[in-house]
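Below is run_38.cif, which holds mmCIF, C-alpha atoms and all ligand atoms.
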data_run
loop_
_atom_site.label_atom_id
_atom_site.label_comp_id
_atom_site.auth_asym_id
_atom_site.auth_seq_id
_atom_site.Cartn_x
_atom_site.Cartn_y
_atom_site.Cartn_z
CA MET A 770 71.29 82.36 103.04
CA LEU A 771 74.72 83.85 102.51
CA VAL A 772 77.39 83.64 105.16
CA SER A 773 80.65 85.48 105.50
CA ILE A 774 83.99 83.68 105.88
CA ASN A 775 87.00 85.75 106.78
CA PHE A 776 90.38 84.12 106.10
CA GLU A 777 92.79 86.11 108.28
CA ASP A 778 95.94 84.73 106.67
CA ASP A 779 94.78 85.65 103.20
CA GLN A 780 93.16 88.92 104.23
CA LYS A 781 90.01 88.08 102.33
CA THR A 782 86.35 87.64 103.11
CA LEU A 783 84.04 85.45 101.04
CA GLN A 784 80.26 85.53 100.87
CA VAL A 785 79.04 82.00 100.19
CA GLU A 786 75.89 79.94 100.53
CA ALA A 787 75.44 78.51 104.02
CA ASN A 788 75.67 74.79 104.86
CA GLN A 789 78.62 74.00 102.63
CA ARG A 790 81.69 72.05 103.65
CA LEU A 791 84.74 74.20 104.25
CA THR A 792 86.69 71.83 102.00
CA LYS A 793 84.38 72.62 99.07
CA ILE A 794 84.57 76.35 99.72
CA CYS A 795 88.38 76.22 99.87
CA ASP A 796 88.53 74.14 96.69
CA GLU A 797 86.59 76.81 94.88
CA HIS A 798 88.38 79.75 96.54
CA PRO A 799 91.98 78.78 97.30
CA SER A 800 93.26 79.90 100.69
CA SER A 801 96.17 79.26 103.04
CA ILE A 802 94.34 76.29 104.57
CA LEU A 803 95.85 73.04 103.33
CA PHE A 804 94.10 69.68 103.20
CA GLY A 805 95.80 66.31 103.20
CA CYS A 806 93.59 63.32 103.88
CA ARG A 807 90.24 65.13 104.27
CA CYS A 808 89.15 62.34 106.60
CA VAL A 809 90.43 63.09 110.13
CA ALA A 810 93.76 61.31 109.76
CA CYS A 811 96.53 63.81 109.03
CA GLY A 812 95.84 67.02 110.95
CA THR A 813 97.05 69.19 108.06
CA CYS A 814 93.88 71.25 108.06
CA LEU A 815 94.03 72.57 111.64
CA ILE A 816 92.46 76.00 111.91
CA GLU A 817 91.88 78.42 114.73
CA VAL A 818 88.37 79.79 114.81
CA VAL A 819 88.79 83.43 115.80
CA SER A 820 85.04 84.00 115.93
CA GLY A 821 81.90 82.13 115.02
CA MET A 822 82.67 78.71 116.50
CA GLU A 823 78.93 78.36 117.10
CA ASN A 824 78.40 78.69 113.35
CA LEU A 825 80.27 75.49 112.54
CA THR A 826 78.80 72.02 112.85
CA PRO A 827 79.74 70.43 116.21
CA VAL A 828 82.86 68.37 116.79
CA MET A 829 82.13 64.67 116.30
CA ASP A 830 83.91 61.82 118.07
CA GLU A 831 86.60 61.15 115.44
CA GLU A 832 87.56 64.81 115.25
CA ARG A 833 87.59 65.12 119.05
CA ILE A 834 90.10 62.28 119.33
CA LEU A 835 92.54 63.96 116.92
CA LEU A 836 92.01 67.42 118.43
CA ASP A 837 92.77 66.05 121.89
CA VAL A 838 96.14 64.93 120.54
CA LEU A 839 97.01 67.92 118.37
CA ALA A 840 95.56 70.84 120.33
CA PRO A 841 94.42 69.65 123.75
CA ASP A 842 94.55 73.08 125.38
CA ASN A 843 92.89 75.24 122.75
CA PRO A 844 89.10 75.01 122.46
CA ASN A 845 89.15 77.26 119.38
CA ILE A 846 90.88 74.73 117.15
CA ARG A 847 89.02 72.67 114.54
CA LEU A 848 89.85 70.41 111.65
CA ALA A 849 88.71 72.37 108.64
CA CYS A 850 87.94 69.20 106.69
CA GLN A 851 85.18 68.35 109.18
CA CYS A 852 83.43 71.71 109.31
CA ILE A 853 80.20 72.71 107.61
CA VAL A 854 79.69 76.45 107.69
CA GLN A 855 76.29 77.54 109.00
CA GLY A 856 76.96 81.20 109.75
CA ASP A 857 79.65 83.88 109.76
CA ILE A 858 83.13 82.78 110.80
CA ARG A 859 86.61 84.22 111.07
CA ILE A 860 89.42 81.68 110.79
CA ARG A 861 93.17 81.34 110.42
CA VAL A 862 95.63 78.52 110.02
CA ALA A 863 96.55 77.17 113.47
CA ASP A 864 100.16 77.60 114.65
S1 LIG B 1 92.75 67.11 105.96
FE1 LIG B 1 93.55 65.49 107.16
S2 LIG B 1 92.56 65.81 109.06
FE2 LIG B 1 91.66 67.34 107.79
#

Let me see the file written as structure tokens.
Ligand code: FES
Amino acid sequence: MLVSINFEDDQKTLQVEANQRLTKICDEHPSSILFGCRCVACGTCLIEVVSGMENLTPVMDEERILLDVLAPDNPNIRLACQCIVQGDIRIRVAD
């Protein structure tokens, strides 16, 4: 199944196979999203999910702990390095 990923900052939309890590997709299709540690330590990869939050794999404990520090008041924020894309999403780099 193909899914659609819209990168607002880059004004581009990709069609990719579902169930891939966002890190892998961004490695293959460079975007404005930056990755540092890729393991829930640095917070470099913070994104705002404009739509399609339900199409990302759920937040796990480690990610929740860092999100509670970095973006406690915004439920639309994720760490891109922890997301597997299961359906259409629209994302941008978090402020
Ligand atoms: S790249 Fe470091 S937390 Fe995602």

Fill in the blank from the handout: Closest of A:Cys852, A:Ile794, A:Val785, A:Leu815 to Val828 (chain A), counting only C-alpha atoms, is A:Cys852

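Excluding region 798-804 of chain A itself and same-chain residues fewer than 6 positions from it, the residues having an atom within 7 Å of it are Asp778, Asp779, Thr813, Cys814 and Val862 of chain A, counting only C-alpha atoms.
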
Practice task
Please check which residues have atoms at most 12 Å from (83.1, 69.4, 118.6) in the file's coordinates, counting all atoms listed in the file, and write them as a list in words.
Solution key: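 These residues have at least one counted atom within 12 Å: Met822, Glu823, Asn824, Leu825, Thr826, Pro827, Val828, Met829, Asp830, Glu831, Glu832, Arg833, Ile834, Leu835, Leu836, Asp837, Pro844, Asn845, Ile846, Arg847, Leu848, Ala849, Gln851, Cys852 and Ile853 of chain A.
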
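CA of Gln855 (chain A) is found 9.7 Å from CA of Ser773 (chain A).
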
Practice task
Kindly give the distance, in Å, that separates CA of Ile858 (chain A) and CA of Cys811 (chain A), rounded to a single decimal.
Solution key: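 Result for CA of Ile858 (chain A) versus CA of Cys811 (chain A): 23.3 Å, one decimal.
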
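For the pair CA of Cys808 (chain A) and CA of Gln780 (chain A), the separation is 27.0 Å.
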
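Of the listed residues A:Met770, A:Thr792, A:Ala787, A:Ile816, the one whose atoms come nearest to Ile860 (chain A) is A:Ile816, with distances taken using all atoms listed in the file.
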